[in-house]
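K.L.:
First, the structure itself, so that you have it in front of you.
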Amino acid sequence: MQVFTADGELISQFGEKRRIPLKLEEMPPLLIQAFLAVEDTRFYEHPGIDIIGIFRAMTVVASSGDFSQGASTITQQLARNFFLTREKKISRKIKEIFLAIHIEQLLSKDQILELYLNKIELGQRSFGVGAAAQVYFGKTVNELSVDEMAIIAGLPKAPSALNPIRSASNARARRNVVLGRMLDIGVIDRATYQQAILAPITSKLHGVQIKASAPYIAEMVRQEVVNQFGEETAYSVGLRVYTTINSKQQAAAKLALQQNLYDYDERHGYRGPVAQLWQSKLVETDSAEPSFNQIEPFERDAILDYLNKQTSLEDLHPAVVTKVNAEQVTAILAGGQEIELNWDGLKWARHFISDERQSVAPKTAYAILSPGMHVLVRQQNQAWRLSQEPEASSAIVAIDPHNGAIRSLVGGYSFSQSQFNRATQAKRQVGSNIKPFVYSAALEHGYTLASIMNDAPIHQWDDNAGIAWRPKNSPAVYDGPIRIREALAKSKNVVSIRLLRGVGIDNMINHLQRFGFATTDLPRNETLALGSASFTPLELVTGYAVFANGGYLVTPYIIEQVFSEDGKVLLQHNPAIACQDCVNTPEPESEPIQQPIDAEAQLDLLLNNPLPGVNSDNAVDSQLSVVGEQKTKLAPQVISEQNSFLIADALTSSVWGGGSWNHGTGWNGTAWRLQSLKRRDVSAKTGTTNDSKDTWFSGFTPDLAVTVWVGFDDANRSLGRAQWHANMGQQQSAGSESGARTALPAWLDYMQTTLKDLPAKQVSPPVGLASVRIDLQSGLLSRRTDHTSAFEYFKPGSEPTQYAGSDVQQISFDKASDKKTETPAEEIELF
């Protein structure tokens with residue numbers, strides 16, 4: 001089974017057998033002749049059996065009882081491979097003869113030869129010449145040299161014993177036999193023979209040529225295909241699975257996630273070398289440069305021998321330090337390459353003390369490294385950089401909000417390090433990423449984006465516990481009366497709690513369930529407003545997609561199509577789409593159930609049906625084709641188009657703050673760093689949990705919804721803080737890790753690449769909304785056109801009816817009841 005991106009890049013390959021099916025005309029004639037020379041020189045003359053060969057074999061059996069003289073033609077070998085075992089009995093040979101004769105009646109010689117060359121076992125789990133060329137030489141069949149063709153042609157006799165990876169000597173001897181037969185029948189000349197027979201055996205095991213790195217996606221696909229078709233089919237009949245993944249976006253997602261983890265790691269300091277091969281002590285000298293007293297240092301060969309036993313992880317390479325100067329380090333990589341680490345790649349390495357503390361910035365390389373250290377290095381911007389394996393984890397997932405297609409997904413730093421897919425399996429508290437859903441519920445219960453709330457500390461006494469609950473803003477800054485739009489953009493915790501109180505906990509939970517969130521993940525208390533609910537990144541981004549697509553809950557999916565080996569469509573995904581103009585779409589119909597392909601049944605049809613790939617009317621394939629036309633399915637609309645637009649528009653203020661379509665001036669939203677995208681169609685929200693154990697950033701455009709999570713796999717471990725320090729004259733700010741500091745950079749890096757292919761769209765308000773100029777302090781109507789006013793969207797009937805005076809009325813809240821009171825100006829101007 002091969003798994004591809006939507007644009008045709010190979011992601012992975014699964015199964016016991018590796019095949020690369022080829023048409024006969026795609027195979028080099030000399031390769032075909034090599035097989036005919038050694039396996040069946042009279043193939044195009046005999047009727048499926050070679051009478052001369054059979055008599056020769058019978059003579060040997062009669063005289064010695066030895067069944068080793070097989071005398072099997074290519075057609076007989078094909079019959080045996082499809083239907084029979086390799087047992088050396090006369091009864092099996094008789095069956096083989098009759099099957100071969102019948103196959104010759106059904107198929108042409110070229111069809112038989114093509115099937116044989118695609119199906120024959122050639123060792124190292126490769127079946128067919130296409131796979132063997134790739135496995136043994138990393139080439140296509142057209143790139144093979146004459147000696148390499150002879151090696152492959154010699155394998156059918158004993159694939160395990162004669163393959164060049166297991167035994168170069170056996171492979172050489174068999175290759176020379178094949179070359180001799182090719183010379184005897186005249187398909188190569190003497191000069192070609194002499195050159196080929198002297199060629200060294202240089203084969204090594206070549207893995208599948210992966211072009212798109214998406215191992216977490218590949219595993220998701222493997223599980224889904226096994227569930228759909230069964231293990232036998234998934235691994236043995238050559239399925240080709242096309243996913244929804246965009247290869248360019250996937251590469252950008254992986255790069256953004258890994259670079260973000262490296263950046264986090266560097267902020268928190270260097271944890272030291274992997275190992276110390278020999279001891280080095282710094283010795284002060286009269287010269288400007290001190291030196292190291294090295295105790296029993298390794299010779300170069302010993303260093304290389306050590307490095308050859310180490311493994312790389314992603315783009316981290318093991319290296320051994322051999323020389324240290326004040327601002328430069330020399331190291332050796334596996335293979336013997338010497339590299340230089342300059343000061344720009346070293347100066348970050350303050351000593352790690354804890355997640356909360358780091359030592360002072362180093363002034364020289366002597367304070368960081370010494371000869372004999374086994375370290376990890378990576379390349380960045382074409383320069384080598386000291387690095388280390390990240391301890392923090394992360395996930396990123398992007399979906400198409402129109403239909404739920406997953407465009408990119410990375411479930412962790414490295415699949416080889418951990419197969420746990422954090423994008424789909426890790427339920428973590430979402431922090432302030434919950435607030436857009438809370439505010440959406442508020443808009444359904446009488447609030448507007450211009451409603452004034454009290455941004456003031458909450459002190460709630462709990463008689464049962466005998467303690468007070470004092471939720472705080474982060475940072476602990478309070479603005480007093482504040483519009484809901486601004487409160488969401490600034491991520492005001494206490495306002496979110498007051499909105500939950502206004503809506504009611506039951507109504508809030510019912511509203512959140514509309515976005516696909518499970519009731520069991522929604523705590524029935526006021527911490528829900530602060531993000532104590534736990535979702536996976538995929539669940540969360542699916543919820544955000546509702547705001548991007550007009551209010552529809554799409555279902556994420558990863559498999560677009562499944563093809564049989566000969567190109568027949570076995571499965572075509574038909575997603576439910578978000579569509580305002582599809583209100584008359586019939587109720588979704590259940591998709592046809594696909595029956596697993598029975599590999600043995602497929603072969604049993606040989607005598608009654610053409611073989612797979614020979615005739616498009618093959619009975620097995622027609623049985624598995626998607627039955628009937630698939631009708632357009634409509635995703636359920638869970639909130640109104642007006643509600644989704646209002647939240648999406650309010651979240652643009654997280655990016656542009658007071659400058660978002662003139663919604664005031666002089667303040668920033670929590671996602672202000674996204675202004676560098678220079679896009680007005682980006683809506684986004686940060687998220688941070690208590691003690692910075694989980695950090696989130698979620699956002700969307702009309703065509704893509706993306707969520708990033710960063711944290712530790714140990715849910716109790718805090719991401720900590722990076723202390724202020726001066727490094728080579730550049731000040732680096734301190735602060736706790738947060739959604740804006742820790743998760744946003746990965747989201748931004750990913751989108752800077754991805755949005756180049758997604759043009760900005762002007763998002764127009766839907767029918768049913770009115771745009772009214774309001775006073776930014778009171779939320780009332782305004783006749784002014786300066787920075788004290790701005791246009792705001794309202795559902796008809798929810799807009800304010802009163803105008804603010806020339807001196808804006810004062811808004812205050814009663815401390816006991818939290819009820820808003822308004823002190824009107826001396827004169828209210830009305831139109």
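Simple scheme: letters A, B, ... for chains in structure tokens order, numbers from 1 for residues in each chain, numbers from 1 for ligands in the order shown.
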Residues near Gln76 (chain A), anyone? I mean within 8 Å using only C-alpha atoms, not counting same-chain ones fewer than 4 positions away, as a PDB file with N, CA and C atoms, in the first residue's frame.

P.N.:
```
ATOM      1  N   GLY A  48       3.432 -22.949 -23.357  1.00  0.00           N
ATOM      2  CA  GLY A  48       3.275 -22.838 -21.911  1.00  0.00           C
ATOM      3  C   GLY A  48       4.148 -23.813 -21.161  1.00  0.00           C
ATOM      4  N   ILE A  49       4.538 -24.898 -21.822  1.00  0.00           N
ATOM      5  CA  ILE A  49       5.465 -25.864 -21.229  1.00  0.00           C
ATOM      6  C   ILE A  49       6.582 -26.117 -22.243  1.00  0.00           C
ATOM      7  N   SER A  72      10.667 -25.427 -15.209  1.00  0.00           N
ATOM      8  CA  SER A  72       9.471 -24.590 -15.233  1.00  0.00           C
ATOM      9  C   SER A  72       9.667 -23.412 -16.178  1.00  0.00           C
ATOM     10  N   ARG A  80       2.363 -21.180 -10.760  1.00  0.00           N
ATOM     11  CA  ARG A  80       2.723 -21.604  -9.409  1.00  0.00           C
ATOM     12  C   ARG A  80       2.619 -20.437  -8.419  1.00  0.00           C
ATOM     13  N   GLU A  96       0.663 -27.666 -12.271  1.00  0.00           N
ATOM     14  CA  GLU A  96       1.351 -26.503 -12.819  1.00  0.00           C
ATOM     15  C   GLU A  96       1.323 -26.528 -14.341  1.00  0.00           C
ATOM     16  N   ILE A  97       1.513 -27.718 -14.936  1.00  0.00           N
ATOM     17  CA  ILE A  97       1.521 -27.844 -16.385  1.00  0.00           C
ATOM     18  C   ILE A  97       0.159 -27.499 -16.971  1.00  0.00           C
ATOM     19  N   LEU A  99      -2.314 -25.746 -15.634  1.00  0.00           N
ATOM     20  CA  LEU A  99      -2.623 -24.329 -15.432  1.00  0.00           C
ATOM     21  C   LEU A  99      -1.875 -23.469 -16.439  1.00  0.00           C
ATOM     22  N   ALA A 100      -0.615 -23.819 -16.714  1.00  0.00           N
ATOM     23  CA  ALA A 100       0.186 -23.037 -17.654  1.00  0.00           C
ATOM     24  C   ALA A 100      -0.407 -23.101 -19.052  1.00  0.00           C
TER      25      ALA A 100
END
```

K.L.:
When you look at Gly531 (chain A) with a cut-off of 10 Å (counting only C-alpha atoms), what residues show up, excluding the ones that are within fewer than 6 positions of it in the same chain? I need them as a ChimeraX atom specification.

P.N.:
/A:428-435,438,493,496,522-523,687-690

K.L.:
Keeping only N, CA and C atoms, write those residues as a PDB file, in the first residue's frame.

P.N.:
```
ATOM      1  N   ARG A 428      -5.916  18.300  25.918  1.00  0.00           N
ATOM      2  CA  ARG A 428      -5.279  19.218  26.857  1.00  0.00           C
ATOM      3  C   ARG A 428      -6.184  20.427  27.085  1.00  0.00           C
ATOM      4  N   GLN A 429      -6.064  21.031  28.274  1.00  0.00           N
ATOM      5  CA  GLN A 429      -6.859  22.212  28.569  1.00  0.00           C
ATOM      6  C   GLN A 429      -6.537  23.310  27.558  1.00  0.00           C
ATOM      7  N   VAL A 430      -7.585  24.000  27.100  1.00  0.00           N
ATOM      8  CA  VAL A 430      -7.422  24.916  25.966  1.00  0.00           C
ATOM      9  C   VAL A 430      -7.249  26.369  26.382  1.00  0.00           C
ATOM     10  N   GLY A 431      -7.396  26.689  27.675  1.00  0.00           N
ATOM     11  CA  GLY A 431      -7.194  28.067  28.104  1.00  0.00           C
ATOM     12  C   GLY A 431      -8.092  29.032  27.357  1.00  0.00           C
ATOM     13  N   SER A 432      -7.575  30.214  27.046  1.00  0.00           N
ATOM     14  CA  SER A 432      -8.394  31.265  26.429  1.00  0.00           C
ATOM     15  C   SER A 432      -8.814  30.949  25.005  1.00  0.00           C
ATOM     16  N   ASN A 433      -8.363  29.850  24.435  1.00  0.00           N
ATOM     17  CA  ASN A 433      -8.880  29.446  23.129  1.00  0.00           C
ATOM     18  C   ASN A 433     -10.369  29.107  23.193  1.00  0.00           C
ATOM     19  N   ILE A 434     -10.914  28.957  24.402  1.00  0.00           N
ATOM     20  CA  ILE A 434     -12.338  28.679  24.564  1.00  0.00           C
ATOM     21  C   ILE A 434     -13.192  29.930  24.389  1.00  0.00           C
ATOM     22  N   LYS A 435     -12.594  31.107  24.546  1.00  0.00           N
ATOM     23  CA  LYS A 435     -13.382  32.343  24.655  1.00  0.00           C
ATOM     24  C   LYS A 435     -14.217  32.674  23.427  1.00  0.00           C
ATOM     25  N   VAL A 438     -17.414  31.011  23.999  1.00  0.00           N
ATOM     26  CA  VAL A 438     -18.157  31.651  25.093  1.00  0.00           C
ATOM     27  C   VAL A 438     -18.839  32.915  24.587  1.00  0.00           C
ATOM     28  N   ASN A 493     -10.088  37.689  31.139  1.00  0.00           N
ATOM     29  CA  ASN A 493     -10.638  36.525  31.832  1.00  0.00           C
ATOM     30  C   ASN A 493     -11.919  36.847  32.593  1.00  0.00           C
ATOM     31  N   SER A 496     -14.999  37.135  30.475  1.00  0.00           N
ATOM     32  CA  SER A 496     -15.488  35.830  30.022  1.00  0.00           C
ATOM     33  C   SER A 496     -16.316  35.153  31.105  1.00  0.00           C
ATOM     34  N   LEU A 522     -16.515  19.068  29.083  1.00  0.00           N
ATOM     35  CA  LEU A 522     -16.927  20.418  29.458  1.00  0.00           C
ATOM     36  C   LEU A 522     -17.273  20.463  30.939  1.00  0.00           C
ATOM     37  N   PRO A 523     -16.409  21.003  31.780  1.00  0.00           N
ATOM     38  CA  PRO A 523     -16.696  21.067  33.224  1.00  0.00           C
ATOM     39  C   PRO A 523     -17.899  21.964  33.502  1.00  0.00           C
ATOM     40  N   GLY A 687      -4.152  31.301  23.613  1.00  0.00           N
ATOM     41  CA  GLY A 687      -4.654  30.498  24.726  1.00  0.00           C
ATOM     42  C   GLY A 687      -3.527  30.030  25.619  1.00  0.00           C
ATOM     43  N   THR A 688      -3.688  30.233  26.928  1.00  0.00           N
ATOM     44  CA  THR A 688      -2.680  29.806  27.907  1.00  0.00           C
ATOM     45  C   THR A 688      -3.396  29.290  29.132  1.00  0.00           C
ATOM     46  N   THR A 689      -2.955  28.161  29.672  1.00  0.00           N
ATOM     47  CA  THR A 689      -3.578  27.617  30.872  1.00  0.00           C
ATOM     48  C   THR A 689      -2.772  28.017  32.105  1.00  0.00           C
ATOM     49  N   ASN A 690      -3.304  27.673  33.275  1.00  0.00           N
ATOM     50  CA  ASN A 690      -2.621  27.995  34.533  1.00  0.00           C
ATOM     51  C   ASN A 690      -1.187  27.472  34.522  1.00  0.00           C
TER      52      ASN A 690
END
```

K.L.:
Contacts of His445 (chain A) at 10 Å or less, counting only C-alpha atoms, minus same-chain residues fewer than 6 places along, as a list in words?

P.N.:
Tyr439, Leu499, Gly502, Val503, Gly504, Asn507 and Met508 of chain A

K.L.:
Deliver the residues from the most recent selection as a file, using N, CA and C atoms, as a PDB file, in the first residue's frame.

P.N.:
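Writing the result to selection05.pdb gives the following:
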```pdb
ATOM      1  N   TYR A 439     -18.110  33.713  23.829  1.00  0.00           N
ATOM      2  CA  TYR A 439     -18.671  34.957  23.305  1.00  0.00           C
ATOM      3  C   TYR A 439     -19.754  34.672  22.264  1.00  0.00           C
ATOM      4  N   LEU A 499     -19.696  36.871  31.339  1.00  0.00           N
ATOM      5  CA  LEU A 499     -20.559  36.466  30.232  1.00  0.00           C
ATOM      6  C   LEU A 499     -21.156  35.083  30.480  1.00  0.00           C
ATOM      7  N   GLY A 502     -23.948  35.475  32.749  1.00  0.00           N
ATOM      8  CA  GLY A 502     -25.115  36.045  32.091  1.00  0.00           C
ATOM      9  C   GLY A 502     -25.842  35.042  31.214  1.00  0.00           C
ATOM     10  N   VAL A 503     -25.119  34.153  30.587  1.00  0.00           N
ATOM     11  CA  VAL A 503     -25.717  33.152  29.706  1.00  0.00           C
ATOM     12  C   VAL A 503     -26.277  31.978  30.504  1.00  0.00           C
ATOM     13  N   GLY A 504     -25.590  31.590  31.569  1.00  0.00           N
ATOM     14  CA  GLY A 504     -25.996  30.425  32.354  1.00  0.00           C
ATOM     15  C   GLY A 504     -25.182  29.217  31.958  1.00  0.00           C
ATOM     16  N   ASN A 507     -26.956  26.705  29.475  1.00  0.00           N
ATOM     17  CA  ASN A 507     -27.019  27.248  28.121  1.00  0.00           C
ATOM     18  C   ASN A 507     -25.634  27.273  27.476  1.00  0.00           C
ATOM     19  N   MET A 508     -24.623  27.592  28.276  1.00  0.00           N
ATOM     20  CA  MET A 508     -23.263  27.639  27.736  1.00  0.00           C
ATOM     21  C   MET A 508     -22.811  26.266  27.259  1.00  0.00           C
TER      22      MET A 508
END
```

K.L.:
Pick the closest to Glu299 (chain A) from A:Pro28, A:Trp747, A:Ile332, A:Thr701: which is it, counting only C-alpha atoms?

P.N.:
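Nearest to Glu299 (chain A): A:Ile332.
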
K.L.:
Find the residues around region 359-376 of chain A up to 9 Å (only C-alpha atoms counted), leave out those fewer than 2 positions away in its own chain, and share them as number ranges by chain.

P.N.:
A: 269-270, 272-282, 290, 292, 294, 297-298, 307, 312, 316-331, 343, 346-353, 357, 378, 385-389, 723, 725-728

K.L.:
Pick out the residues sitting within 12 Å of Glu224 (chain A), and hand them over as a list in words; count only C-alpha atoms, and ignore anything fewer than 2 positions along from it in its own chain.

P.N.:
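Near Glu224 (chain A), the qualifying residues are Val3, Ile217, Ala218, Glu219, Met220, Val221, Arg222, Val226, Asn227, Gln228, Phe229, Gly230, Glu231, Ala234, Val241, Thr243, Tyr557, Ile558, Ile559, Glu560 and Val562 of chain A.
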
K.L.:
Please list as an NGL selection string every residue within 12 Å of Ile647 (chain A), counting only C-alpha atoms and excluding residues in the same chain fewer than 4 positions away.

P.N.:
:A and (435-444 or 448-449 or 484-486 or 488-489 or 544-551 or 639-643 or 651-654 or 682-685 or 699-700 or 765 or 793-794)

K.L.:
Return the single residue from A:Ser108, A:Asn260, A:Gln124, A:Gln777 that is closest to Ser451 (chain A), with distances computed using only C-alpha atoms.

P.N.:
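Comparing A:Ser108, A:Asn260, A:Gln124, A:Gln777 against Ser451 (chain A), the winner is A:Gln777.
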
K.L.:
Grab the CA of Glu266 (chain A) to CA of Thr742 (chain A) distance for me, in Å with one decimal place.

P.N.:
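About the pair CA of Glu266 (chain A) and CA of Thr742 (chain A): they are 12.2 Å apart.
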
K.L.:
Rank A:Ala256, A:Ile101, A:Leu144, A:Ala6 by their smallest atom-to-atom distance to Gln752 (chain A), using only C-alpha atoms, and report the top residue only.

P.N.:
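Closest to Gln752 (chain A), using only C-alpha atoms: A:Ala256.
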
K.L.:
From region 214-275 of chain A, collect each residue whose DSSP state is strand (DSSP E) and return the set as an mmCIF file with all heavy atoms, in the first residue's frame.

P.N.:
```cif
data_model
loop_
_atom_site.group_PDB
_atom_site.id
_atom_site.type_symbol
_atom_site.label_atom_id
_atom_site.label_comp_id
_atom_site.auth_asym_id
_atom_site.auth_seq_id
_atom_site.Cartn_x
_atom_site.Cartn_y
_atom_site.Cartn_z
ATOM 1 N N ARG A 240 -3.404 2.128 -3.587
ATOM 2 C CA ARG A 240 -2.819 3.465 -3.642
ATOM 3 C C ARG A 240 -3.825 4.428 -3.020
ATOM 4 O O ARG A 240 -4.942 4.564 -3.505
ATOM 5 C CB ARG A 240 -2.486 3.856 -5.085
ATOM 6 C CG ARG A 240 -1.309 3.071 -5.634
ATOM 7 C CD ARG A 240 -0.894 3.551 -7.012
ATOM 8 N NE ARG A 240 -1.918 3.232 -8.011
ATOM 9 C CZ ARG A 240 -2.565 4.139 -8.732
ATOM 10 N NH1 ARG A 240 -2.327 5.425 -8.551
ATOM 11 N NH2 ARG A 240 -3.448 3.781 -9.628
ATOM 12 N N VAL A 241 -3.402 5.056 -1.938
ATOM 13 C CA VAL A 241 -4.289 5.905 -1.155
ATOM 14 C C VAL A 241 -3.861 7.364 -1.330
ATOM 15 O O VAL A 241 -2.704 7.710 -1.069
ATOM 16 C CB VAL A 241 -4.240 5.534 0.346
ATOM 17 C CG1 VAL A 241 -5.228 6.380 1.143
ATOM 18 C CG2 VAL A 241 -4.526 4.049 0.532
ATOM 19 N N TYR A 242 -4.790 8.186 -1.754
ATOM 20 C CA TYR A 242 -4.525 9.618 -1.901
ATOM 21 C C TYR A 242 -5.212 10.364 -0.762
ATOM 22 O O TYR A 242 -6.406 10.197 -0.517
ATOM 23 C CB TYR A 242 -5.010 10.129 -3.260
ATOM 24 C CG TYR A 242 -4.068 9.757 -4.366
ATOM 25 C CD1 TYR A 242 -4.127 8.498 -4.961
ATOM 26 C CD2 TYR A 242 -3.084 10.640 -4.791
ATOM 27 C CE1 TYR A 242 -3.239 8.138 -5.966
ATOM 28 C CE2 TYR A 242 -2.186 10.288 -5.804
ATOM 29 C CZ TYR A 242 -2.273 9.042 -6.370
ATOM 30 O OH TYR A 242 -1.379 8.689 -7.357
ATOM 31 N N THR A 243 -4.424 11.167 -0.068
ATOM 32 C CA THR A 243 -4.923 11.892 1.094
ATOM 33 C C THR A 243 -5.316 13.318 0.703
ATOM 34 O O THR A 243 -5.162 13.741 -0.440
ATOM 35 C CB THR A 243 -3.847 11.956 2.184
ATOM 36 O OG1 THR A 243 -2.752 12.773 1.719
ATOM 37 C CG2 THR A 243 -3.333 10.568 2.532
ATOM 38 N N ALA A 275 27.310 13.284 25.622
ATOM 39 C CA ALA A 275 28.295 12.452 26.316
ATOM 40 C C ALA A 275 29.649 13.161 26.272
ATOM 41 O O ALA A 275 29.868 14.084 25.490
ATOM 42 C CB ALA A 275 28.387 11.071 25.671
#
```

K.L.:
Using only C-alpha atoms, which of the listed residues (A:Leu155, A:Ile406, A:Val377, A:Val237) sits closest to Gly345 (chain A)?

P.N.:
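Result for the nearest residue to Gly345 (chain A): A:Val377.
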
K.L.:
Nearest residue to Gln134 (chain A) out of A:Ala161, A:Leu205, A:Leu113, A:Ala79, using only C-alpha atoms?

P.N.:
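Nearest to Gln134 (chain A): A:Leu205.
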
K.L.:
In Å, rounded to a single decimal, give me how far CA of Thr542 (chain A) is from CA of Asp400 (chain A).

P.N.:
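Value for the CA of Asp400 (chain A)-CA of Thr542 (chain A) distance: 9.3 Å.
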
K.L.:
Could you tell me which of A:Gly543, A:Pro29, A:Pro471, A:Pro537 comes closest to Phe517 (chain A) if we count only C-alpha atoms?

P.N.:
A:Gly543

K.L.:
From a backbone DSSP assignment, name each residue in region 423-599 of chain A labelled helix (DSSP H, G or I), as a PyMOL selection string.

P.N.:
chain A and resi 423-425+431-443+484-489+493-503+505-513+519-521+526-530+537-548+599

K.L.:
Quick check, in Å to one decimal: how far apart do CA of Ala476 (chain A) and CA of Ser736 (chain A) lie?

P.N.:
13.5 Å
